[in-house]
file upload-v6.cif (mmCIF, N, CA and C atoms)
data_query
#
loop_
_atom_site.label_atom_id
_atom_site.label_comp_id
_atom_site.auth_asym_id
_atom_site.auth_seq_id
_atom_site.Cartn_x
_atom_site.Cartn_y
_atom_site.Cartn_z
N GLN A 10 213.78 73.44 -22.85
CA GLN A 10 212.72 74.26 -23.43
C GLN A 10 213.35 75.28 -24.37
N LEU A 11 212.95 75.24 -25.62
CA LEU A 11 213.49 76.17 -26.60
C LEU A 11 212.78 77.51 -26.47
N GLN A 12 213.55 78.57 -26.33
CA GLN A 12 212.98 79.90 -26.21
C GLN A 12 213.79 80.88 -27.04
N LEU A 13 213.11 81.89 -27.57
CA LEU A 13 213.75 82.98 -28.27
C LEU A 13 213.23 84.28 -27.67
N VAL A 14 214.14 85.19 -27.39
CA VAL A 14 213.76 86.47 -26.79
C VAL A 14 214.38 87.59 -27.60
N GLU A 15 213.51 88.43 -28.18
CA GLU A 15 213.98 89.57 -28.95
C GLU A 15 214.16 90.78 -28.03
N SER A 16 215.07 91.64 -28.40
CA SER A 16 215.27 92.90 -27.69
C SER A 16 215.88 93.90 -28.64
N GLY A 17 215.86 95.17 -28.22
CA GLY A 17 216.52 96.21 -29.01
C GLY A 17 215.56 97.12 -29.76
N GLY A 18 214.27 96.80 -29.75
CA GLY A 18 213.33 97.66 -30.43
C GLY A 18 213.24 99.02 -29.76
N ALA A 19 212.94 100.05 -30.55
CA ALA A 19 212.90 101.40 -30.01
C ALA A 19 212.22 102.33 -31.01
N LEU A 20 212.05 103.56 -30.58
CA LEU A 20 211.60 104.64 -31.46
C LEU A 20 212.85 105.27 -32.07
N VAL A 21 212.89 105.36 -33.38
CA VAL A 21 214.07 105.91 -34.05
C VAL A 21 213.60 106.83 -35.18
N GLN A 22 214.41 107.83 -35.47
CA GLN A 22 214.06 108.77 -36.53
C GLN A 22 214.35 108.16 -37.90
N PRO A 23 213.64 108.61 -38.93
CA PRO A 23 213.96 108.14 -40.29
C PRO A 23 215.43 108.38 -40.61
N GLY A 24 216.02 107.38 -41.24
CA GLY A 24 217.44 107.45 -41.56
C GLY A 24 218.34 106.86 -40.49
N GLY A 25 217.77 106.57 -39.35
CA GLY A 25 218.55 106.03 -38.25
C GLY A 25 218.80 104.53 -38.36
N SER A 26 219.48 103.99 -37.35
CA SER A 26 219.83 102.57 -37.32
C SER A 26 219.43 101.96 -36.00
N LEU A 27 219.20 100.66 -36.03
CA LEU A 27 218.95 99.88 -34.83
C LEU A 27 219.55 98.50 -35.00
N ARG A 28 219.94 97.90 -33.89
CA ARG A 28 220.34 96.50 -33.93
C ARG A 28 219.44 95.72 -32.97
N LEU A 29 218.73 94.76 -33.53
CA LEU A 29 217.90 93.88 -32.74
C LEU A 29 218.67 92.62 -32.37
N SER A 30 218.36 92.10 -31.20
CA SER A 30 218.99 90.86 -30.74
C SER A 30 217.93 89.79 -30.55
N CYS A 31 218.31 88.56 -30.82
CA CYS A 31 217.47 87.40 -30.58
C CYS A 31 218.31 86.41 -29.77
N THR A 32 218.04 86.36 -28.48
CA THR A 32 218.77 85.45 -27.61
C THR A 32 218.04 84.13 -27.55
N VAL A 33 218.76 83.06 -27.87
CA VAL A 33 218.16 81.74 -28.00
C VAL A 33 218.61 80.85 -26.86
N SER A 34 217.70 80.07 -26.33
CA SER A 34 218.04 79.06 -25.33
C SER A 34 217.36 77.76 -25.72
N GLY A 35 217.99 76.65 -25.37
CA GLY A 35 217.43 75.34 -25.66
C GLY A 35 217.97 74.71 -26.93
N VAL A 36 218.65 75.48 -27.76
CA VAL A 36 219.29 74.97 -28.97
C VAL A 36 220.40 75.94 -29.34
N SER A 37 221.45 75.42 -29.94
CA SER A 37 222.55 76.30 -30.35
C SER A 37 222.25 76.95 -31.69
N VAL A 38 222.60 78.22 -31.82
CA VAL A 38 222.44 78.90 -33.11
C VAL A 38 223.46 78.40 -34.13
N GLU A 39 224.39 77.57 -33.66
CA GLU A 39 225.33 76.94 -34.58
C GLU A 39 224.67 75.74 -35.26
N VAL A 40 223.52 75.32 -34.73
CA VAL A 40 222.78 74.18 -35.27
C VAL A 40 221.48 74.63 -35.94
N ALA A 41 220.75 75.50 -35.27
CA ALA A 41 219.42 75.90 -35.74
C ALA A 41 219.50 77.07 -36.70
N ALA A 42 218.64 77.06 -37.70
CA ALA A 42 218.46 78.22 -38.58
C ALA A 42 217.48 79.17 -37.91
N ILE A 43 217.85 80.44 -37.88
CA ILE A 43 217.02 81.45 -37.23
C ILE A 43 216.60 82.50 -38.26
N GLY A 44 215.33 82.80 -38.27
CA GLY A 44 214.82 83.80 -39.19
C GLY A 44 214.29 85.02 -38.46
N TRP A 45 214.25 86.12 -39.20
CA TRP A 45 213.65 87.37 -38.70
C TRP A 45 212.42 87.68 -39.55
N PHE A 46 211.37 88.11 -38.88
CA PHE A 46 210.12 88.49 -39.52
C PHE A 46 209.63 89.80 -38.92
N ARG A 47 208.67 90.40 -39.60
CA ARG A 47 208.02 91.56 -39.01
C ARG A 47 206.53 91.53 -39.33
N GLN A 48 205.78 92.14 -38.44
CA GLN A 48 204.32 92.15 -38.57
C GLN A 48 203.82 93.56 -38.31
N THR A 49 203.06 94.07 -39.26
CA THR A 49 202.49 95.40 -39.11
C THR A 49 201.06 95.30 -38.59
N PRO A 50 200.56 96.37 -37.96
CA PRO A 50 199.21 96.35 -37.39
C PRO A 50 198.16 95.99 -38.43
N GLY A 51 197.22 95.17 -38.01
CA GLY A 51 196.13 94.79 -38.90
C GLY A 51 196.40 93.56 -39.74
N LYS A 52 197.64 93.09 -39.71
CA LYS A 52 197.97 91.89 -40.50
C LYS A 52 197.98 90.68 -39.59
N ALA A 53 197.55 89.57 -40.13
CA ALA A 53 197.49 88.34 -39.36
C ALA A 53 198.89 87.76 -39.17
N ARG A 54 199.00 86.91 -38.17
CA ARG A 54 200.27 86.26 -37.89
C ARG A 54 200.79 85.53 -39.12
N GLU A 55 199.89 84.94 -39.88
CA GLU A 55 200.30 84.17 -41.05
C GLU A 55 200.88 85.05 -42.14
N ALA A 56 200.62 86.36 -42.03
CA ALA A 56 201.10 87.29 -43.03
C ALA A 56 202.37 88.00 -42.61
N ARG A 57 203.01 87.49 -41.58
CA ARG A 57 204.27 88.10 -41.17
C ARG A 57 205.24 88.08 -42.35
N GLU A 58 205.94 89.21 -42.51
CA GLU A 58 206.87 89.36 -43.62
C GLU A 58 208.24 88.82 -43.25
N GLY A 59 208.73 87.89 -44.03
CA GLY A 59 210.08 87.39 -43.79
C GLY A 59 211.12 88.42 -44.18
N ILE A 60 212.16 88.53 -43.37
CA ILE A 60 213.23 89.49 -43.60
C ILE A 60 214.52 88.78 -44.00
N SER A 61 214.92 87.85 -43.16
CA SER A 61 216.20 87.18 -43.39
C SER A 61 216.24 85.87 -42.64
N CYS A 62 217.24 85.10 -42.96
CA CYS A 62 217.47 83.83 -42.28
C CYS A 62 218.97 83.58 -42.25
N ILE A 63 219.44 83.01 -41.13
CA ILE A 63 220.84 82.60 -41.04
C ILE A 63 220.85 81.12 -40.72
N ALA A 64 221.52 80.36 -41.57
CA ALA A 64 221.51 78.91 -41.46
C ALA A 64 222.33 78.44 -40.28
N GLY A 65 221.87 77.34 -39.67
CA GLY A 65 222.60 76.81 -38.53
C GLY A 65 223.84 76.04 -38.94
N ASN A 66 223.77 75.33 -40.04
CA ASN A 66 224.87 74.43 -40.38
C ASN A 66 226.10 75.17 -40.89
N ASN A 67 225.92 76.25 -41.62
CA ASN A 67 227.08 76.93 -42.20
C ASN A 67 227.05 78.44 -42.06
N GLY A 68 226.03 78.99 -41.42
CA GLY A 68 225.96 80.43 -41.20
C GLY A 68 225.63 81.24 -42.44
N MET A 69 225.22 80.58 -43.51
CA MET A 69 224.87 81.33 -44.72
C MET A 69 223.60 82.14 -44.46
N THR A 70 223.53 83.31 -45.09
CA THR A 70 222.41 84.21 -44.86
C THR A 70 221.61 84.43 -46.14
N THR A 71 220.34 84.62 -45.97
CA THR A 71 219.46 84.96 -47.09
C THR A 71 218.58 86.13 -46.66
N TYR A 72 218.12 86.88 -47.64
CA TYR A 72 217.33 88.08 -47.38
C TYR A 72 216.19 88.20 -48.36
N THR A 73 215.13 88.86 -47.90
CA THR A 73 214.10 89.31 -48.82
C THR A 73 214.74 90.37 -49.71
N ASP A 74 214.53 90.26 -51.01
CA ASP A 74 215.22 91.13 -51.97
C ASP A 74 215.05 92.61 -51.64
N SER A 75 213.85 93.00 -51.25
CA SER A 75 213.58 94.43 -51.05
C SER A 75 214.31 95.02 -49.86
N LEU A 76 214.79 94.15 -48.95
CA LEU A 76 215.42 94.66 -47.73
C LEU A 76 216.94 94.45 -47.72
N GLN A 77 217.40 93.60 -48.62
CA GLN A 77 218.84 93.39 -48.65
C GLN A 77 219.54 94.68 -49.00
N GLY A 78 220.62 94.96 -48.32
CA GLY A 78 221.33 96.21 -48.52
C GLY A 78 221.13 97.16 -47.36
N ARG A 79 219.95 97.13 -46.75
CA ARG A 79 219.72 97.95 -45.56
C ARG A 79 219.76 97.11 -44.29
N PHE A 80 219.40 95.84 -44.40
CA PHE A 80 219.35 94.96 -43.24
C PHE A 80 220.45 93.90 -43.35
N ALA A 81 221.01 93.53 -42.21
CA ALA A 81 222.05 92.50 -42.19
C ALA A 81 221.88 91.62 -40.96
N VAL A 82 221.95 90.32 -41.16
CA VAL A 82 221.81 89.37 -40.05
C VAL A 82 223.18 88.76 -39.74
N SER A 83 223.42 88.53 -38.47
CA SER A 83 224.67 87.92 -38.04
C SER A 83 224.40 87.13 -36.75
N ARG A 84 225.41 86.42 -36.30
CA ARG A 84 225.22 85.65 -35.06
C ARG A 84 226.49 85.64 -34.25
N ASP A 85 226.32 85.46 -32.95
CA ASP A 85 227.43 85.28 -32.01
C ASP A 85 227.18 83.91 -31.38
N ILE A 86 227.95 82.92 -31.78
CA ILE A 86 227.73 81.57 -31.28
C ILE A 86 227.98 81.49 -29.78
N GLY A 87 228.99 82.19 -29.29
CA GLY A 87 229.30 82.17 -27.87
C GLY A 87 228.18 82.72 -27.01
N GLN A 88 227.49 83.74 -27.52
CA GLN A 88 226.35 84.34 -26.81
C GLN A 88 225.04 83.68 -27.19
N ASN A 89 225.10 82.76 -28.15
CA ASN A 89 223.90 82.09 -28.67
C ASN A 89 222.83 83.11 -29.05
N THR A 90 223.27 84.11 -29.79
CA THR A 90 222.40 85.23 -30.13
C THR A 90 222.53 85.53 -31.62
N VAL A 91 221.40 85.87 -32.22
CA VAL A 91 221.36 86.30 -33.61
C VAL A 91 220.95 87.76 -33.63
N TYR A 92 221.60 88.54 -34.50
CA TYR A 92 221.37 89.97 -34.57
C TYR A 92 220.76 90.36 -35.91
N LEU A 93 220.00 91.45 -35.89
CA LEU A 93 219.51 92.05 -37.13
C LEU A 93 219.89 93.52 -37.09
N GLN A 94 220.85 93.89 -37.91
CA GLN A 94 221.27 95.28 -38.03
C GLN A 94 220.41 95.94 -39.09
N MET A 95 219.77 97.04 -38.72
CA MET A 95 218.87 97.74 -39.63
C MET A 95 219.37 99.17 -39.81
N ASN A 96 219.63 99.55 -41.04
CA ASN A 96 220.16 100.87 -41.36
C ASN A 96 219.20 101.62 -42.28
N SER A 97 219.39 102.93 -42.35
CA SER A 97 218.57 103.78 -43.23
C SER A 97 217.08 103.48 -43.03
N LEU A 98 216.66 103.48 -41.80
CA LEU A 98 215.28 103.08 -41.50
C LEU A 98 214.28 104.08 -42.05
N LYS A 99 213.13 103.53 -42.46
CA LYS A 99 212.06 104.32 -43.05
C LYS A 99 210.79 104.14 -42.22
N PRO A 100 209.86 105.07 -42.30
CA PRO A 100 208.61 104.91 -41.55
C PRO A 100 207.89 103.60 -41.86
N GLU A 101 208.01 103.12 -43.08
CA GLU A 101 207.35 101.86 -43.44
C GLU A 101 208.03 100.64 -42.82
N ASP A 102 209.16 100.82 -42.16
CA ASP A 102 209.79 99.72 -41.42
C ASP A 102 209.16 99.54 -40.04
N THR A 103 208.26 100.44 -39.67
CA THR A 103 207.57 100.33 -38.38
C THR A 103 206.79 99.04 -38.31
N ALA A 104 207.07 98.24 -37.28
CA ALA A 104 206.44 96.93 -37.13
C ALA A 104 206.91 96.30 -35.83
N VAL A 105 206.28 95.20 -35.48
CA VAL A 105 206.81 94.33 -34.44
C VAL A 105 207.71 93.31 -35.13
N TYR A 106 208.93 93.18 -34.64
CA TYR A 106 209.92 92.30 -35.24
C TYR A 106 210.05 91.04 -34.40
N TYR A 107 210.04 89.91 -35.08
CA TYR A 107 210.11 88.60 -34.43
C TYR A 107 211.30 87.81 -34.97
N CYS A 108 211.87 86.98 -34.09
CA CYS A 108 212.79 85.95 -34.56
C CYS A 108 212.14 84.60 -34.30
N ALA A 109 212.56 83.62 -35.07
CA ALA A 109 211.94 82.31 -34.99
C ALA A 109 212.93 81.23 -35.41
N ARG A 110 212.72 80.02 -34.90
CA ARG A 110 213.56 78.87 -35.27
C ARG A 110 212.93 78.14 -36.42
N ARG A 111 213.73 77.91 -37.45
CA ARG A 111 213.23 77.20 -38.62
C ARG A 111 213.22 75.71 -38.32
N ARG A 112 212.24 75.01 -38.91
CA ARG A 112 212.12 73.57 -38.68
C ARG A 112 213.34 72.81 -39.21
N SER A 113 213.94 73.30 -40.28
CA SER A 113 215.16 72.73 -40.84
C SER A 113 216.33 73.63 -40.48
N ASN A 114 217.54 73.10 -40.50
CA ASN A 114 218.70 73.92 -40.12
C ASN A 114 219.29 74.67 -41.29
N TRP A 115 218.61 74.68 -42.44
CA TRP A 115 219.05 75.46 -43.58
C TRP A 115 217.97 76.49 -43.91
N CYS A 116 218.33 77.47 -44.72
CA CYS A 116 217.42 78.54 -45.05
C CYS A 116 216.96 78.43 -46.49
N ALA A 117 215.70 78.71 -46.72
CA ALA A 117 215.21 78.83 -48.09
C ALA A 117 215.75 80.13 -48.68
N THR A 118 215.99 80.14 -49.97
CA THR A 118 216.41 81.38 -50.62
C THR A 118 215.19 82.24 -50.91
N GLY A 119 215.39 83.54 -50.85
CA GLY A 119 214.31 84.46 -51.16
C GLY A 119 213.24 84.47 -50.09
N TYR A 120 212.01 84.17 -50.50
CA TYR A 120 210.85 84.26 -49.62
C TYR A 120 210.95 83.32 -48.44
N GLN A 121 210.73 83.88 -47.24
CA GLN A 121 210.71 83.09 -46.01
C GLN A 121 209.26 82.92 -45.58
N SER A 122 208.80 81.69 -45.54
CA SER A 122 207.43 81.43 -45.11
C SER A 122 207.36 81.23 -43.61
N PRO A 123 206.45 81.93 -42.93
CA PRO A 123 206.33 81.70 -41.48
C PRO A 123 205.92 80.28 -41.14
N TYR A 124 205.34 79.57 -42.08
CA TYR A 124 204.94 78.19 -41.82
C TYR A 124 206.14 77.26 -41.68
N ASP A 125 207.29 77.70 -42.10
CA ASP A 125 208.50 76.88 -41.99
C ASP A 125 209.17 77.02 -40.63
N TYR A 126 208.59 77.83 -39.75
CA TYR A 126 209.18 78.12 -38.45
C TYR A 126 208.26 77.65 -37.33
N ASP A 127 208.85 77.08 -36.27
CA ASP A 127 208.00 76.48 -35.25
C ASP A 127 208.06 77.17 -33.89
N PHE A 128 209.17 77.77 -33.53
CA PHE A 128 209.26 78.46 -32.25
C PHE A 128 209.52 79.94 -32.52
N TRP A 129 208.76 80.79 -31.83
CA TRP A 129 208.80 82.22 -32.04
C TRP A 129 209.06 82.96 -30.72
N GLY A 130 209.71 84.09 -30.85
CA GLY A 130 209.82 84.98 -29.71
C GLY A 130 208.56 85.81 -29.55
N GLN A 131 208.58 86.70 -28.57
CA GLN A 131 207.40 87.50 -28.27
C GLN A 131 207.34 88.79 -29.10
N GLY A 132 208.44 89.12 -29.75
CA GLY A 132 208.47 90.30 -30.60
C GLY A 132 209.00 91.53 -29.89
N THR A 133 209.54 92.46 -30.68
CA THR A 133 210.01 93.73 -30.16
C THR A 133 209.56 94.83 -31.12
N GLN A 134 209.05 95.93 -30.56
CA GLN A 134 208.45 97.00 -31.36
C GLN A 134 209.53 97.93 -31.90
N VAL A 135 209.47 98.17 -33.20
CA VAL A 135 210.32 99.16 -33.85
C VAL A 135 209.40 100.23 -34.45
N THR A 136 209.62 101.46 -34.07
CA THR A 136 208.83 102.57 -34.60
C THR A 136 209.77 103.59 -35.23
N VAL A 137 209.54 103.88 -36.49
CA VAL A 137 210.37 104.85 -37.21
C VAL A 137 209.51 106.08 -37.47
N SER A 138 209.84 107.14 -36.78
CA SER A 138 209.03 108.35 -36.87
C SER A 138 209.83 109.55 -36.44
N SER A 139 209.53 110.71 -37.03
CA SER A 139 210.17 111.95 -36.61
C SER A 139 209.31 112.65 -35.57
#
call {"tool": "encode", "arguments": {"input": "upload-v6.cif", "output": "structure tokens"}}
result
Amino acid sequence: QLQLVESGGALVQPGGSLRLSCTVSGVSVEVAAIGWFRQTPGKAREAREGISCIAGNNGMTTYTDSLQGRFAVSRDIGQNTVYLQMNSLKPEDTAVYYCARRRSNWCATGYQSPYDYDFWGQGTQVTVSS
């Protein structure tokens, strides 16, 4: 059974940092491409904003242009976990953050469509506020 479990969400002050974890079971992150998304209140699941993707076959990473530079994705194959490091957080980063397995083991460049992902975690809340 393929499962993804996010953790690490918290309340953080503007300018702060957080590292989210996505622990995967049922498939190796060395094989599967894993993406990060976020969803703000009032938006439908289909409107989840893609953040990044790390490819399973070669570990290459892609990012949404507006977030590259503040966010970084990485993986630990031994722990079968994918991480999202978030720096210089802003109030507009407040959202529920999800990781998901992409149907293909490679990542699209630029825009990440949630329709390209089939298994999702339950999400972790990130709140940026003073």
call {"tool": "closest_residue", "arguments": {"input": "upload-v6.cif", "among": "A:Leu29, A:Val14, A:Val21, A:Val135", "to": "Ala104 of chain A", "atoms": "all atoms listed in the file"}}
result
A:Val135
call {"tool": "residues_around", "arguments": {"input": "upload-v6.cif", "residues": "Gln88 of chain A", "least_positions_apart": "2", "cutoff": "7 Å", "atoms": "all atoms listed in the file", "output": "ChimeraX atom specification"}}
result
/A:32-33,85-86,90-91
call {"tool": "residues_around", "arguments": {"input": "upload-v6.cif", "residues": "Thr49 of chain A", "least_positions_apart": "6", "cutoff": "9 Å", "atoms": "only C-alpha atoms", "output": "PyMOL selection string"}}
result
chain A and resi 57-58+102-106
call {"tool": "write_last_selection", "arguments": {"input": "upload-v6.cif", "atoms": "N, CA and C atoms", "output": "PDB file, keeping the file's coordinate frame"}}
result
ATOM      1  N   ARG A  57     203.010  87.490 -41.580  1.00  0.00           N
ATOM      2  CA  ARG A  57     204.270  88.100 -41.170  1.00  0.00           C
ATOM      3  C   ARG A  57     205.240  88.080 -42.350  1.00  0.00           C
ATOM      4  N   GLU A  58     205.940  89.210 -42.510  1.00  0.00           N
ATOM      5  CA  GLU A  58     206.870  89.360 -43.620  1.00  0.00           C
ATOM      6  C   GLU A  58     208.240  88.820 -43.250  1.00  0.00           C
ATOM      7  N   ASP A 102     209.160 100.820 -42.160  1.00  0.00           N
ATOM      8  CA  ASP A 102     209.790  99.720 -41.420  1.00  0.00           C
ATOM      9  C   ASP A 102     209.160  99.540 -40.040  1.00  0.00           C
ATOM     10  N   THR A 103     208.260 100.440 -39.670  1.00  0.00           N
ATOM     11  CA  THR A 103     207.570 100.330 -38.380  1.00  0.00           C
ATOM     12  C   THR A 103     206.790  99.040 -38.310  1.00  0.00           C
ATOM     13  N   ALA A 104     207.070  98.240 -37.280  1.00  0.00           N
ATOM     14  CA  ALA A 104     206.440  96.930 -37.130  1.00  0.00           C
ATOM     15  C   ALA A 104     206.910  96.300 -35.830  1.00  0.00           C
ATOM     16  N   VAL A 105     206.280  95.200 -35.480  1.00  0.00           N
ATOM     17  CA  VAL A 105     206.810  94.330 -34.440  1.00  0.00           C
ATOM     18  C   VAL A 105     207.710  93.310 -35.130  1.00  0.00           C
ATOM     19  N   TYR A 106     208.930  93.180 -34.640  1.00  0.00           N
ATOM     20  CA  TYR A 106     209.920  92.300 -35.240  1.00  0.00           C
ATOM     21  C   TYR A 106     210.050  91.040 -34.400  1.00  0.00           C
TER      22      TYR A 106
END
call {"tool": "atom_distance", "arguments": {"input": "upload-v6.cif", "atom1": "atom CA of Ser61 of chain A", "atom2": "atom CA of Thr73 of chain A"}}
result
6.2 Å
call {"tool": "residues_near_point", "arguments": {"input": "upload-v6.cif", "point": "(206.3, 106.2, -37.2)", "cutoff": "7 Å", "atoms": "only C-alpha atoms", "output": "PyMOL selection string"}}
result
chain A and resi 100+103+136-139
